[in-house]
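Visitor: I have a structure I would like to understand better, so I am pasting it below and will then ask my questions one at a time.
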Amino acid sequence: MLSVLTDNWKLFVDGFWTTIRLFLVAGVFSLVLGTALAGFRVSPVPALRGFGTGYVNILRNTPLTLVFAFLVFGAPKMQIELPSYFWSAVTALTIYTSAFICEVVRSGINTVAPGQSEAARAVGMTFLQVLRIVVLPQAFRAIVPPLTSVLIALLKNTTIAAGFSVAEAGAIPAVMAERGENQVLTLVWITIGFLIAIIPLVLLQRWAERRTAVA
Amino acid sequence: MRMRTLVSTVGVAALALTAAACGKSEPSAGGSGGGNASDSCGQLHKFTTASGVDVAGSPTFTKIKSAGKLTVGVKADQPNLGYKDASGKRCGFDIEVARMVSAGLGLDPDKVEYKEIPSANRETAIAGGEIDYYVGTYSITDKRKKQVSFAGPYFIAGQDLLVRKDDTSMDAGKTALKGKKVCSATGSTPIQRVKDEQLTEPSNISEFKTYSECVSQLLDKKVDTVTTDDAILKGYAATAPDQLRVVGKPFSVEKYGIGLPLADKALRDKVNSVLAAGEADGTWKAIYDETLGKSGSDSTPPPLEKY
């Protein structure tokens, strides 16, 4: 069983390294974009609220493969050029995941008592200040577990990039099949790889929960 | 704010594409225009179903007999080889070979049940009994022989290059690939050969799930060439003869076999004899002429390997 891994060590290392890079880059972008979208959705400007709602409803209901297919096969026909397939994948994962992060953040915002923002506005803070200084820090405390779930989903969603010319962990089975290696053992090792990759996220969640615990 | 404009453009465009993609995902082989004739399947070959067939000692055949039907693994996106048209009809050389074997096993070829199995899942599908046999550009290799057994070969192909019609820079064949963007199916043997022989730089290699997607990238000028077996490439070139052509300098030998369960030697012998009979009585030639032969290139049946 071990030889399946050790004989193809480079393939597994390269694959998972690409997976991790995809996850980290898309994860950071998604957190930023998702939080900004949540800000849109609670903002006092109707146009921003409308845009946020439209974005979330479209992207959350579009299968991720279609987002990928659009960026890789559709965009070139419309003269939209992305620098490489890797960045197409990052873009697809980001615009998809941020819709989910937006909703998680927004649900966190809803846990903050209205009096908090009213008081903040009463002392003369602008909307952005209220959001940044008063509301979001409290919101993030409430959303650590669901946010971790969205990030774990993102980590697994990176495997879709294999179908769009990014050689990450999801592309390993195809190469292994051509090399004549055992498919089931290949999948077992990929599963173990993902379990290992998820451990830091789980630890991070525990740490964040302990740090932000109210009592 | 620029980000917002970009995001909204992309969002709306994604929706537009979703609708477009659903509409024409089936006959995508034609890419942007060109192929009409080969986008829909015509008449299939008529076979005479053998009667009173029994394959002693074959567990697969016993299973087939009790189920009353055959399940055959095929490909669906290779024009003139293994193809499924917009109306759901299947045709091509591989499909005809599958039907010829079905007739030889005494089962009505029109009642064959097809399952589309991607290259990466072939061994699992055969070993797991999901399909009875597989006919779909399946090259016989020593490594694969350890997991499945092969009847045949029923066809010999070779790795070649598909290029845009006006591009003559790769006419020398594989030696001209340096600096060119090469596309093939994820993890496939042709792309591994390109990597192993370092025919082009690693950053120039793209890999997609299907060859149709590579052809789409080729037509969009995102890649310079699609490489795989010439049989597959000729099928695509035939769907868009004004835009695509095959270079015609094959640089490998791919023997296409019928994939069968590893332990079932009795069934392999039977399928081999069906193939031999088909080659002898002219059926092989007839189904070749009705499918791949339309590309204009001639072919003869290869000698069977009875290992």
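The chains in the structure tokens are called A, B, ... from first to last as shown; in each chain the residues are counted from 1, and the ligands are counted from 1 in the order shown.
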Give me the residues within 6 Å of Gly82 in chain B as an MDAnalysis selection string, counting only C-alpha atoms and dropping any in the same chain fewer than 3 places off.
Guide: chainID B and resid 75:76 78 92 94:95
Visitor: Give me a file of those residues, with all heavy atoms, as a PDB file, in the first residue's frame.
Guide:
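Listed below is the output, out.pdb:
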ATOM      1  N   LYS B  75     -16.552   5.653 -25.085  1.00  0.00           N
ATOM      2  CA  LYS B  75     -16.387   7.098 -24.998  1.00  0.00           C
ATOM      3  C   LYS B  75     -17.493   7.751 -25.822  1.00  0.00           C
ATOM      4  O   LYS B  75     -18.077   7.109 -26.687  1.00  0.00           O
ATOM      5  CB  LYS B  75     -15.015   7.500 -25.520  1.00  0.00           C
ATOM      6  CG  LYS B  75     -13.922   6.921 -24.634  1.00  0.00           C
ATOM      7  CD  LYS B  75     -12.660   7.727 -24.664  1.00  0.00           C
ATOM      8  CE  LYS B  75     -11.737   7.242 -23.574  1.00  0.00           C
ATOM      9  NZ  LYS B  75     -10.343   7.262 -23.964  1.00  0.00           N
ATOM     10  N   ALA B  76     -17.754   9.025 -25.550  1.00  0.00           N
ATOM     11  CA  ALA B  76     -18.898   9.653 -26.205  1.00  0.00           C
ATOM     12  C   ALA B  76     -18.538  10.949 -26.926  1.00  0.00           C
ATOM     13  O   ALA B  76     -19.381  11.566 -27.543  1.00  0.00           O
ATOM     14  CB  ALA B  76     -19.987   9.939 -25.181  1.00  0.00           C
ATOM     15  N   GLN B  78     -15.729  11.372 -29.076  1.00  0.00           N
ATOM     16  CA  GLN B  78     -14.714  11.208 -30.101  1.00  0.00           C
ATOM     17  C   GLN B  78     -15.398  10.944 -31.444  1.00  0.00           C
ATOM     18  O   GLN B  78     -15.795   9.816 -31.735  1.00  0.00           O
ATOM     19  CB  GLN B  78     -13.758  10.080 -29.729  1.00  0.00           C
ATOM     20  CG  GLN B  78     -13.005  10.425 -28.465  1.00  0.00           C
ATOM     21  CD  GLN B  78     -12.150   9.285 -27.969  1.00  0.00           C
ATOM     22  OE1 GLN B  78     -12.337   8.129 -28.358  1.00  0.00           O
ATOM     23  NE2 GLN B  78     -11.213   9.604 -27.112  1.00  0.00           N
ATOM     24  N   GLY B  92     -19.662   5.396 -34.617  1.00  0.00           N
ATOM     25  CA  GLY B  92     -18.212   5.452 -34.702  1.00  0.00           C
ATOM     26  C   GLY B  92     -17.618   4.066 -34.788  1.00  0.00           C
ATOM     27  O   GLY B  92     -18.311   3.065 -34.603  1.00  0.00           O
ATOM     28  N   ASP B  94     -15.343   2.493 -32.865  1.00  0.00           N
ATOM     29  CA  ASP B  94     -15.339   1.741 -31.604  1.00  0.00           C
ATOM     30  C   ASP B  94     -16.727   1.191 -31.273  1.00  0.00           C
ATOM     31  O   ASP B  94     -16.863   0.056 -30.794  1.00  0.00           O
ATOM     32  CB  ASP B  94     -14.863   2.636 -30.453  1.00  0.00           C
ATOM     33  CG  ASP B  94     -13.345   2.770 -30.428  1.00  0.00           C
ATOM     34  OD1 ASP B  94     -12.674   1.938 -31.074  1.00  0.00           O
ATOM     35  OD2 ASP B  94     -12.846   3.691 -29.766  1.00  0.00           O
ATOM     36  N   ILE B  95     -17.750   2.009 -31.540  1.00  0.00           N
ATOM     37  CA  ILE B  95     -19.123   1.563 -31.265  1.00  0.00           C
ATOM     38  C   ILE B  95     -19.452   0.351 -32.146  1.00  0.00           C
ATOM     39  O   ILE B  95     -20.030  -0.635 -31.684  1.00  0.00           O
ATOM     40  CB  ILE B  95     -20.127   2.706 -31.552  1.00  0.00           C
ATOM     41  CG1 ILE B  95     -19.805   3.932 -30.689  1.00  0.00           C
ATOM     42  CG2 ILE B  95     -21.575   2.237 -31.351  1.00  0.00           C
ATOM     43  CD1 ILE B  95     -20.105   3.797 -29.230  1.00  0.00           C
TER      44      ILE B  95
END
Visitor: Which residues, written as a PDB file with all heavy atoms, in the first residue's frame, have at least one atom at most 9 Å from range 183-199 of chain A, with only C-alpha atoms counted and residues fewer than 4 positions away on the same chain left out?
Guide:
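Result went into selection.pdb, see below:
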ATOM      1  N   MET A   1       0.831  -1.202   0.000  1.00  0.00           N
ATOM      2  CA  MET A   1       0.000   0.000   0.000  1.00  0.00           C
ATOM      3  C   MET A   1       0.870   1.258   0.000  1.00  0.00           C
ATOM      4  O   MET A   1       0.594   2.228  -0.680  1.00  0.00           O
ATOM      5  CB  MET A   1      -0.896  -0.016   1.249  1.00  0.00           C
ATOM      6  CG  MET A   1      -1.569   1.328   1.491  1.00  0.00           C
ATOM      7  SD  MET A   1      -3.048   1.196   2.484  1.00  0.00           S
ATOM      8  CE  MET A   1      -3.527   2.901   2.576  1.00  0.00           C
ATOM      9  N   LEU A   2       1.966   1.197   0.766  1.00  0.00           N
ATOM     10  CA  LEU A   2       2.838   2.367   0.871  1.00  0.00           C
ATOM     11  C   LEU A   2       3.530   2.651  -0.451  1.00  0.00           C
ATOM     12  O   LEU A   2       3.789   3.808  -0.790  1.00  0.00           O
ATOM     13  CB  LEU A   2       3.873   2.132   1.987  1.00  0.00           C
ATOM     14  CG  LEU A   2       4.598   3.382   2.482  1.00  0.00           C
ATOM     15  CD1 LEU A   2       3.620   4.364   3.100  1.00  0.00           C
ATOM     16  CD2 LEU A   2       5.680   3.002   3.480  1.00  0.00           C
ATOM     17  N   VAL A   4       2.454   2.587  -3.399  1.00  0.00           N
ATOM     18  CA  VAL A   4       1.653   3.430  -4.294  1.00  0.00           C
ATOM     19  C   VAL A   4       2.006   4.893  -4.061  1.00  0.00           C
ATOM     20  O   VAL A   4       2.112   5.684  -4.983  1.00  0.00           O
ATOM     21  CB  VAL A   4       0.140   3.197  -4.066  1.00  0.00           C
ATOM     22  CG1 VAL A   4      -0.705   4.185  -4.853  1.00  0.00           C
ATOM     23  CG2 VAL A   4      -0.233   1.776  -4.442  1.00  0.00           C
ATOM     24  N   LEU A   5       2.242   5.236  -2.783  1.00  0.00           N
ATOM     25  CA  LEU A   5       2.592   6.618  -2.437  1.00  0.00           C
ATOM     26  C   LEU A   5       4.062   6.906  -2.742  1.00  0.00           C
ATOM     27  O   LEU A   5       4.383   7.888  -3.410  1.00  0.00           O
ATOM     28  CB  LEU A   5       2.291   6.871  -0.964  1.00  0.00           C
ATOM     29  CG  LEU A   5       2.569   8.277  -0.451  1.00  0.00           C
ATOM     30  CD1 LEU A   5       1.616   9.274  -1.092  1.00  0.00           C
ATOM     31  CD2 LEU A   5       2.423   8.326   1.060  1.00  0.00           C
ATOM     32  N   PHE A  12       2.402  13.216  -5.934  1.00  0.00           N
ATOM     33  CA  PHE A  12       1.565  13.571  -4.789  1.00  0.00           C
ATOM     34  C   PHE A  12       1.995  14.916  -4.198  1.00  0.00           C
ATOM     35  O   PHE A  12       1.165  15.766  -3.886  1.00  0.00           O
ATOM     36  CB  PHE A  12       1.627  12.475  -3.719  1.00  0.00           C
ATOM     37  CG  PHE A  12       0.668  11.347  -3.976  1.00  0.00           C
ATOM     38  CD1 PHE A  12       1.059  10.248  -4.735  1.00  0.00           C
ATOM     39  CD2 PHE A  12      -0.619  11.379  -3.467  1.00  0.00           C
ATOM     40  CE1 PHE A  12       0.179   9.211  -4.984  1.00  0.00           C
ATOM     41  CE2 PHE A  12      -1.508  10.348  -3.709  1.00  0.00           C
ATOM     42  CZ  PHE A  12      -1.111   9.259  -4.469  1.00  0.00           C
ATOM     43  N   PHE A  16      -0.461  18.106  -4.214  1.00  0.00           N
ATOM     44  CA  PHE A  16      -0.978  18.714  -2.986  1.00  0.00           C
ATOM     45  C   PHE A  16      -0.421  20.118  -2.775  1.00  0.00           C
ATOM     46  O   PHE A  16      -1.106  20.974  -2.222  1.00  0.00           O
ATOM     47  CB  PHE A  16      -0.712  17.814  -1.768  1.00  0.00           C
ATOM     48  CG  PHE A  16      -1.827  16.832  -1.549  1.00  0.00           C
ATOM     49  CD1 PHE A  16      -1.717  15.520  -1.987  1.00  0.00           C
ATOM     50  CD2 PHE A  16      -3.010  17.237  -0.944  1.00  0.00           C
ATOM     51  CE1 PHE A  16      -2.760  14.631  -1.816  1.00  0.00           C
ATOM     52  CE2 PHE A  16      -4.052  16.342  -0.768  1.00  0.00           C
ATOM     53  CZ  PHE A  16      -3.931  15.040  -1.207  1.00  0.00           C
ATOM     54  N   ILE A  20      -2.725  23.304  -2.039  1.00  0.00           N
ATOM     55  CA  ILE A  20      -2.549  24.214  -0.898  1.00  0.00           C
ATOM     56  C   ILE A  20      -2.428  25.655  -1.390  1.00  0.00           C
ATOM     57  O   ILE A  20      -3.012  26.577  -0.822  1.00  0.00           O
ATOM     58  CB  ILE A  20      -1.292  23.817  -0.083  1.00  0.00           C
ATOM     59  CG1 ILE A  20      -1.388  22.369   0.410  1.00  0.00           C
ATOM     60  CG2 ILE A  20      -1.061  24.782   1.084  1.00  0.00           C
ATOM     61  CD1 ILE A  20      -2.355  22.123   1.511  1.00  0.00           C
ATOM     62  N   ILE A 152     -13.194  24.767   4.668  1.00  0.00           N
ATOM     63  CA  ILE A 152     -12.927  23.350   4.401  1.00  0.00           C
ATOM     64  C   ILE A 152     -13.561  22.961   3.060  1.00  0.00           C
ATOM     65  O   ILE A 152     -12.965  22.247   2.251  1.00  0.00           O
ATOM     66  CB  ILE A 152     -13.452  22.459   5.557  1.00  0.00           C
ATOM     67  CG1 ILE A 152     -12.570  22.656   6.791  1.00  0.00           C
ATOM     68  CG2 ILE A 152     -13.462  20.997   5.152  1.00  0.00           C
ATOM     69  CD1 ILE A 152     -13.060  21.933   8.028  1.00  0.00           C
ATOM     70  N   LEU A 155     -11.351  24.108   0.367  1.00  0.00           N
ATOM     71  CA  LEU A 155     -10.186  23.227   0.197  1.00  0.00           C
ATOM     72  C   LEU A 155     -10.543  22.028  -0.677  1.00  0.00           C
ATOM     73  O   LEU A 155      -9.797  21.641  -1.582  1.00  0.00           O
ATOM     74  CB  LEU A 155      -9.690  22.756   1.573  1.00  0.00           C
ATOM     75  CG  LEU A 155      -8.509  21.798   1.575  1.00  0.00           C
ATOM     76  CD1 LEU A 155      -7.272  22.445   0.987  1.00  0.00           C
ATOM     77  CD2 LEU A 155      -8.208  21.304   2.976  1.00  0.00           C
ATOM     78  N   LYS A 156     -11.733  21.464  -0.449  1.00  0.00           N
ATOM     79  CA  LYS A 156     -12.121  20.303  -1.242  1.00  0.00           C
ATOM     80  C   LYS A 156     -12.543  20.715  -2.654  1.00  0.00           C
ATOM     81  O   LYS A 156     -12.321  19.980  -3.609  1.00  0.00           O
ATOM     82  CB  LYS A 156     -13.244  19.547  -0.524  1.00  0.00           C
ATOM     83  CG  LYS A 156     -12.742  18.910   0.762  1.00  0.00           C
ATOM     84  CD  LYS A 156     -13.800  18.090   1.452  1.00  0.00           C
ATOM     85  CE  LYS A 156     -14.823  18.976   2.116  1.00  0.00           C
ATOM     86  NZ  LYS A 156     -15.794  18.200   2.915  1.00  0.00           N
ATOM     87  N   ALA A 169      -4.245  18.068  -6.543  1.00  0.00           N
ATOM     88  CA  ALA A 169      -4.484  16.728  -6.008  1.00  0.00           C
ATOM     89  C   ALA A 169      -5.576  15.981  -6.769  1.00  0.00           C
ATOM     90  O   ALA A 169      -5.507  14.765  -6.929  1.00  0.00           O
ATOM     91  CB  ALA A 169      -4.829  16.828  -4.528  1.00  0.00           C
ATOM     92  N   GLY A 170      -6.573  16.713  -7.264  1.00  0.00           N
ATOM     93  CA  GLY A 170      -7.661  16.065  -7.977  1.00  0.00           C
ATOM     94  C   GLY A 170      -7.244  15.472  -9.311  1.00  0.00           C
ATOM     95  O   GLY A 170      -7.966  14.668  -9.893  1.00  0.00           O
ATOM     96  N   ILE A 172      -4.440  13.747  -9.649  1.00  0.00           N
ATOM     97  CA  ILE A 172      -3.570  12.593  -9.400  1.00  0.00           C
ATOM     98  C   ILE A 172      -4.189  11.277  -9.915  1.00  0.00           C
ATOM     99  O   ILE A 172      -3.497  10.498 -10.578  1.00  0.00           O
ATOM    100  CB  ILE A 172      -3.209  12.501  -7.898  1.00  0.00           C
ATOM    101  CG1 ILE A 172      -2.358  13.719  -7.504  1.00  0.00           C
ATOM    102  CG2 ILE A 172      -2.469  11.205  -7.583  1.00  0.00           C
ATOM    103  CD1 ILE A 172      -2.081  13.826  -6.013  1.00  0.00           C
ATOM    104  N   PRO A 173      -5.488  10.990  -9.659  1.00  0.00           N
ATOM    105  CA  PRO A 173      -6.030   9.698 -10.109  1.00  0.00           C
ATOM    106  C   PRO A 173      -5.873   9.461 -11.604  1.00  0.00           C
ATOM    107  O   PRO A 173      -5.597   8.327 -12.028  1.00  0.00           O
ATOM    108  CB  PRO A 173      -7.510   9.794  -9.721  1.00  0.00           C
ATOM    109  CG  PRO A 173      -7.560  10.766  -8.608  1.00  0.00           C
ATOM    110  CD  PRO A 173      -6.472  11.764  -8.882  1.00  0.00           C
ATOM    111  N   MET A 176      -2.339   8.418 -12.252  1.00  0.00           N
ATOM    112  CA  MET A 176      -2.093   7.104 -11.658  1.00  0.00           C
ATOM    113  C   MET A 176      -2.752   5.996 -12.482  1.00  0.00           C
ATOM    114  O   MET A 176      -2.206   4.897 -12.609  1.00  0.00           O
ATOM    115  CB  MET A 176      -2.625   7.079 -10.225  1.00  0.00           C
ATOM    116  CG  MET A 176      -1.897   8.034  -9.311  1.00  0.00           C
ATOM    117  SD  MET A 176      -0.211   7.515  -8.991  1.00  0.00           S
ATOM    118  CE  MET A 176      -0.474   6.449  -7.589  1.00  0.00           C
ATOM    119  N   ALA A 177      -3.922   6.298 -13.054  1.00  0.00           N
ATOM    120  CA  ALA A 177      -4.593   5.292 -13.871  1.00  0.00           C
ATOM    121  C   ALA A 177      -3.742   4.957 -15.091  1.00  0.00           C
ATOM    122  O   ALA A 177      -3.598   3.800 -15.471  1.00  0.00           O
ATOM    123  CB  ALA A 177      -5.966   5.796 -14.301  1.00  0.00           C
ATOM    124  N   LEU A 203      -7.564  23.081  13.962  1.00  0.00           N
ATOM    125  CA  LEU A 203      -6.829  23.642  15.106  1.00  0.00           C
ATOM    126  C   LEU A 203      -7.045  25.149  15.182  1.00  0.00           C
ATOM    127  O   LEU A 203      -7.235  25.709  16.264  1.00  0.00           O
ATOM    128  CB  LEU A 203      -5.342  23.316  14.982  1.00  0.00           C
ATOM    129  CG  LEU A 203      -4.987  21.833  15.107  1.00  0.00           C
ATOM    130  CD1 LEU A 203      -3.488  21.626  14.942  1.00  0.00           C
ATOM    131  CD2 LEU A 203      -5.446  21.280  16.451  1.00  0.00           C
ATOM    132  N   LEU A 204      -7.043  25.789  14.011  1.00  0.00           N
ATOM    133  CA  LEU A 204      -7.240  27.237  13.963  1.00  0.00           C
ATOM    134  C   LEU A 204      -8.627  27.592  14.498  1.00  0.00           C
ATOM    135  O   LEU A 204      -8.789  28.560  15.256  1.00  0.00           O
ATOM    136  CB  LEU A 204      -7.099  27.715  12.517  1.00  0.00           C
ATOM    137  CG  LEU A 204      -6.872  29.210  12.322  1.00  0.00           C
ATOM    138  CD1 LEU A 204      -5.486  29.594  12.825  1.00  0.00           C
ATOM    139  CD2 LEU A 204      -7.006  29.572  10.846  1.00  0.00           C
TER     140      LEU A 204
ATOM    141  N   ALA B 120      -9.627   7.491 -16.992  1.00  0.00           N
ATOM    142  CA  ALA B 120      -9.044   7.217 -15.671  1.00  0.00           C
ATOM    143  C   ALA B 120      -9.796   6.140 -14.915  1.00  0.00           C
ATOM    144  O   ALA B 120      -9.243   5.499 -14.029  1.00  0.00           O
ATOM    145  CB  ALA B 120      -9.014   8.503 -14.849  1.00  0.00           C
ATOM    146  N   ASN B 121     -11.064   5.894 -15.256  1.00  0.00           N
ATOM    147  CA  ASN B 121     -11.859   4.944 -14.475  1.00  0.00           C
ATOM    148  C   ASN B 121     -12.028   3.586 -15.148  1.00  0.00           C
ATOM    149  O   ASN B 121     -12.804   2.765 -14.690  1.00  0.00           O
ATOM    150  CB  ASN B 121     -13.254   5.526 -14.209  1.00  0.00           C
ATOM    151  CG  ASN B 121     -13.184   6.843 -13.482  1.00  0.00           C
ATOM    152  OD1 ASN B 121     -12.119   7.241 -13.026  1.00  0.00           O
ATOM    153  ND2 ASN B 121     -14.300   7.530 -13.396  1.00  0.00           N
ATOM    154  N   GLU B 123     -10.068   0.857 -15.643  1.00  0.00           N
ATOM    155  CA  GLU B 123      -9.681  -0.365 -14.933  1.00  0.00           C
ATOM    156  C   GLU B 123     -10.655  -0.661 -13.798  1.00  0.00           C
ATOM    157  O   GLU B 123     -11.054  -1.805 -13.596  1.00  0.00           O
ATOM    158  CB  GLU B 123      -8.254  -0.236 -14.375  1.00  0.00           C
ATOM    159  CG  GLU B 123      -7.161  -0.290 -15.438  1.00  0.00           C
ATOM    160  CD  GLU B 123      -6.971   1.038 -16.139  1.00  0.00           C
ATOM    161  OE1 GLU B 123      -7.467   2.054 -15.629  1.00  0.00           O
ATOM    162  OE2 GLU B 123      -6.336   1.064 -17.221  1.00  0.00           O
ATOM    163  N   THR B 124     -11.028   0.385 -13.050  1.00  0.00           N
ATOM    164  CA  THR B 124     -11.956   0.205 -11.931  1.00  0.00           C
ATOM    165  C   THR B 124     -13.293  -0.328 -12.430  1.00  0.00           C
ATOM    166  O   THR B 124     -13.882  -1.217 -11.822  1.00  0.00           O
ATOM    167  CB  THR B 124     -12.184   1.544 -11.216  1.00  0.00           C
ATOM    168  OG1 THR B 124     -10.948   2.248 -11.179  1.00  0.00           O
ATOM    169  CG2 THR B 124     -12.697   1.330  -9.817  1.00  0.00           C
TER     170      THR B 124
END
Visitor: Quick one: of A:Ile109, A:Ala47, A:Leu59, A:Ala89, who's nearest to chain B, counting only C-alpha atoms?
Guide: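 Checking each candidate against chain B, we get A:Leu59 as the closest.
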Visitor: Based on only C-alpha atoms, which of the residues in chain B come within 6 Å of chain A? I want them as a PyMOL selection string.
Guide: chain B and resi 14+120+143-144+187+206-209
Visitor: Let me make sure I understand: among A:Val135, A:Ser88, A:Ala208, A:Arg21, which one has the smallest atom-to-atom distance to Pro114 in chain A if we use only C-alpha atoms?
Guide: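 Among A:Val135, A:Ser88, A:Ala208, A:Arg21, it is A:Val135 that comes nearest to Pro114 in chain A.
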Visitor: Compile the contact shell of range 145-155 of chain B as a list in words: residues with an atom at most 7 Å away, counting only C-alpha atoms, same-chain residues fewer than 5 positions apart removed.
Guide: Glu123, Ile140, Lys255, Tyr256, Gly257, Ile258, Gly259, Leu260, Pro261, Leu262, Arg268, Val271, Asn272, Pro301, Pro302, Leu304 and Glu305 of chain B
Visitor: Using only C-alpha atoms, which residues sit within 6 Å of range 24-32 of chain A once same-chain residues fewer than 6 positions away are excluded, as a VMD selection string?
Guide: chain A and resid 90 94 97 to 98
Visitor: Now that the selection is made, can you save its residues with N, CA, C and O atoms as a compact mmCIF listing (two decimals), in the first residue's frame?
Guide:
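Here's the written file out_38.txt:
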# COMPACT_ATOMS: atom_id res chain seq x y z
N VAL A 90 -8.09 30.29 -9.40
CA VAL A 90 -8.19 31.14 -8.22
C VAL A 90 -9.39 32.07 -8.34
O VAL A 90 -10.18 32.22 -7.40
N THR A 94 -12.61 32.00 -5.96
CA THR A 94 -12.84 33.19 -5.15
C THR A 94 -14.25 33.73 -5.35
O THR A 94 -14.96 33.98 -4.37
N THR A 97 -16.69 31.14 -3.69
CA THR A 97 -16.63 31.00 -2.23
C THR A 97 -17.04 32.28 -1.52
O THR A 97 -17.65 32.23 -0.45
N SER A 98 -16.73 33.43 -2.11
CA SER A 98 -17.05 34.68 -1.40
C SER A 98 -18.55 34.85 -1.23
O SER A 98 -18.98 35.49 -0.28
